[in-house]
Structures are given as structure tokens and as C-alpha cells.
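Asks: Just passing along the structure, written as C-alpha cells.
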Amino acid sequence: MFRTFAIAAAALVATAAVAAAQPAAAPNDAQIAQIAHIAYTAGSLDIAAAKQALTISHNPTVRAFAEEMVRDHAAVNDQALALVKKLGVTPEDNPTSQALTKAADAKRADYGKLTGKAFDLAYANNEVAYHHTVNTALETTLIPDAKNAELKSLLETGLKLFRMHEQHAEQMVAALKK
Amino acid sequence: MRRLLPTLALVAAALSVGSAAGAAARPAKTWTIVVSQLAFGQSPADAHVGDTIVWVNQDIFLHSATAGDHSFDVAIPVHGSGRLTLNKAGVFAYTCKYHPGMKAQLVVKK
């Protein structure tokens with residue numbers, strides 16, 4: 001189930017981001033507005049998932065990871081907001097952001113019915129899948145498409161960070177299975 | 001005997017000063033390791049027991065310097081620093097416990 005979601009979401013992100021990035025359809029500012037919105041949304045959704053984990057989970061490893069997600073993604077999102085403000089661009093909602101939000105909302109609704117180890121494992125596995133999806137989109141679509149150098153640099157920092165999150169999430173899954 | 005006591009005290013004091021002077025031949029040093037772009041900067045090549053390591057965090061993320069053998073776990077706050085006084089010689093592999101891709105090694109001489 002997790003793999004299917006990851007692949008589906010990756011396809012959604014890739015397709016919509018490519019559409020958003022077509023120069024004829026979107027001039028530079030519009031492209032920045034949409035890519036920034038996707039990146040910000042992806043971070044916000046992971047913060048929402050982490051806050052759910054902090055409400056439900058009593059596992060110290062899961063809680064420490066969730067606190068890290070809130071902290072790191074908020075820091076990146078603050079930088080993204082500062083950048084679009086500096087560039088005078090308003091983040092623009094788009095089909096990719098909407099698809100990501102819809103998928104994540106559904107996950108949170110499902111996980112809200114779980115408790116204990118079942119929740120911990122579901123959250124941990126999904127954190128691996130979610131970061132993998134976002135990282136694939138950043139690497140293959142969003143970063144190559146970003147024409148603004150500062151936005152590209154921020155996305156590259158994001159990718160470096162989120163790869164470590166993915167690695168950390170894998171360690172969390174392994175620890176939970178012990 | 002009464003005359004001898006002050007003499008002994010003086011000799012002991014001299015020995016003590018001599019010993020302190022010997023230790024002071026290499027004063028304890030403070031080494032800075034910059035943490036930036038989710039990576040630890042270069043480790044000092046000549047760190048000794050008694051020296052201090054200061055990790056300076058230039059990132060917007062909380063980091064740590066956490067030894068693989070659990071001998072130290074130093075918090076490195078955002079735009080702040082973390083300090084460790086070296087009290088054991090050896091080779092210490094360490095990571096950031098939050099960002100496992102951040103890896104480094106500290107060599108501490110006697």
C-alpha cells in the first residue's frame with residue numbers, strides 16, 4: 001500500500017510540476033510561485049503528519065523523529081517564505097499541491113484510527129515513502145525546472161535534508177521492528 | 001626537625017611548580033569545527049586530551065555531535081555552538097543524531 005501511494009504521488013508530482021514548469025504556459029515568476037507552493041505544501045503536510053504523531057504516539061523514538069520533522073520542515077518553509085517575499089512572488093496553488101494535500105489528508109484520516117505500535121509503524125513507513133516521493137520529485141523535476149538560482153539552491157538544501165530524513169525514517173522503521 | 005619542615009615544604013613547592021610548568025608546556029587549546037550545509041567541517045589534526053572542541057552551527061537546523069560509542073552527545077543549537085572538553089584519547093566516529101548522513105571522526109591524542 002505504501003509503495004503504491006509513493007509511486008502514485010511521485011507520478012502526480014512529476015506530471016503536474018512539468019506542466020507547471022512549461023515556459024510557454026508559465027513565465028518565470030509563475031513558475032517560482034508554483035514550485036515554491038509545492039515545496040511549502042510538501043513541508044507543511046509533513047509537519048501535519050508529525051503533529052498527529054505527537055498527539056497519538058507514546059514511543060520516544062517516534063516522538064523524537066516527529067519533533068525533528070516539525071523543527072526542520074518549519075525552518076525550510078520559513079526560508080521559502082522569506083525567499084518568495086524577497087522575490088515579490090505570491091505562492092500559487094496548483095494541481096500538484098492539491099494532489100499532495102488530498103493524499104496526505106486521506107493518510108492522516110486513516111492513521112487517526114490507529115493507536116500504539118500499529119500507528120507507529122504506519123507513520124514510520126509512510127515517512128520513508130513520503131520523503132522518498134518528495135525527494136524523487138525534487139531531484140527529477142522541481143530542481144531541474146527551477147530557473148531562479150536562489151530557489152534552486154533552497155530546493156537543493158531541502159533535498160539534502162530530506163534525504164537524511166528518509167534515512168532517519170528507515171532507521172526508525174528498523175528500530176520499531178526489533 | 002623543626003628546621004627541616006620549612007625546607008621540605010619549599011622543596012615540595014618547587015617540585016609542584018616544576019610539575020605545573022611541565023604540564024603548561026602545551027596549554028590546552030580550543031578547536032572550532034564549523035557545521036554548515038548539513039556537514040561537519042574538518043576535524044583538528046592535533047587535538048589532545050584537555051583540549052576543547054567547539055562546534056559552530058551555521059545551519060538553520062538543530063544538530064548534534066553524537067559519538068558512536070556514546071562517549072559524548074553534544075547539542076549544537078541553531079546559529080549557536082556546542083562544546084566538548086576532551087577527556088579521553090582515542091578515535092571517535094560521530095554523527096548528528098538527527099541527520100544520520102552527517103558523519104565525522106575525531107582523533108584525540110594523549
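A note on labels: chains of the C-alpha cells are A, B, ... as shown, every chain counts residues from 1, and ligands are counted from 1 in their shown order.
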Could you give me, as CSV, every chain B residue with an atom at most 8 Å from chain A, plus its closest atom pair and distance in Å to one decimal, counting only C-alpha atoms, rows ordered by chain then number?

Replies:
residue,atom,partner,partner_atom,distance
B:Gln37,CA,A:Thr157,CA,7.2
B:Leu38,CA,A:Leu161,CA,7.2
B:Ile60,CA,A:Ala75,CA,6.3
B:Phe61,CA,A:Asp72,CA,5.9
B:Leu62,CA,A:Asp72,CA,7.9
B:Tyr98,CA,A:Glu68,CA,7.0
B:His99,CA,A:Met164,CA,5.3
B:Pro100,CA,A:Met164,CA,6.1
B:Gly101,CA,A:Met164,CA,5.6

Asks: Those same residues - C-alpha atoms - I'd like them written as a compact mmCIF listing (two decimals), in the first residue's frame.

Replies:
# COMPACT_ATOMS: atom_id res chain seq x y z
CA GLN B 37 25.14 22.79 4.78
CA LEU B 38 24.40 19.62 6.76
CA ILE B 60 19.08 26.65 10.31
CA PHE B 61 18.72 23.13 11.75
CA LEU B 62 19.43 21.74 15.21
CA TYR B 98 19.04 13.95 13.78
CA HIS B 99 20.69 13.81 10.36
CA PRO B 100 22.39 10.43 10.03
CA GLY B 101 24.10 11.35 6.76

Asks: Give me the residues within 12 Å of Val35 in chain B as a PyMOL selection string, counting only C-alpha atoms and dropping any in the same chain fewer than 3 places off.

Replies: chain B and resi 32+38-43+54-65+76-82+95-96+102-104

Asks: Name all residues at most 8 Å from Lys109 in chain B (count only C-alpha atoms; drop same-chain ones fewer than 6 positions away) and give them as number ranges by chain.

Replies: B: 46-49, 89-90

Asks: Hey, what's within 7 Å of range 26-30 of chain B if we count only C-alpha atoms and toss same-chain stuff fewer than 5 positions away? As an mmCIF file with C-alpha atoms, in the first residue's frame, please?

Replies:
data_model
loop_
_atom_site.group_PDB
_atom_site.id
_atom_site.type_symbol
_atom_site.label_atom_id
_atom_site.label_comp_id
_atom_site.auth_asym_id
_atom_site.auth_seq_id
_atom_site.Cartn_x
_atom_site.Cartn_y
_atom_site.Cartn_z
ATOM 1 C CA GLY B 50 42.349 18.535 27.866
ATOM 2 C CA ASP B 51 41.578 20.499 24.691
ATOM 3 C CA THR B 52 38.112 21.761 23.869
ATOM 4 C CA ILE B 53 36.142 21.269 20.671
#

Asks: Pick out the residues sitting within 12 Å of range 54-63 of chain A, and hand them over as a VMD selection string; count only C-alpha atoms, and ignore anything fewer than 2 positions along from it in its own chain.

Replies: (chain A and resid 47 to 52 65 to 70 108 111 to 125 127 168 to 176) or (chain B and resid 97 to 98)

Asks: Please compute the CA of Ala109 in chain A-CA of Asn135 in chain A distance, one decimal, in Å.

Replies: 23.7 Å

Asks: I need the residue nearest Ile35 in chain A from this list: A:Ala53, A:Val128, A:Leu100, A:Leu138. Use only C-alpha atoms for the distance.

Replies: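 Among the listed residues, A:Leu138 lies closest to Ile35 in chain A.
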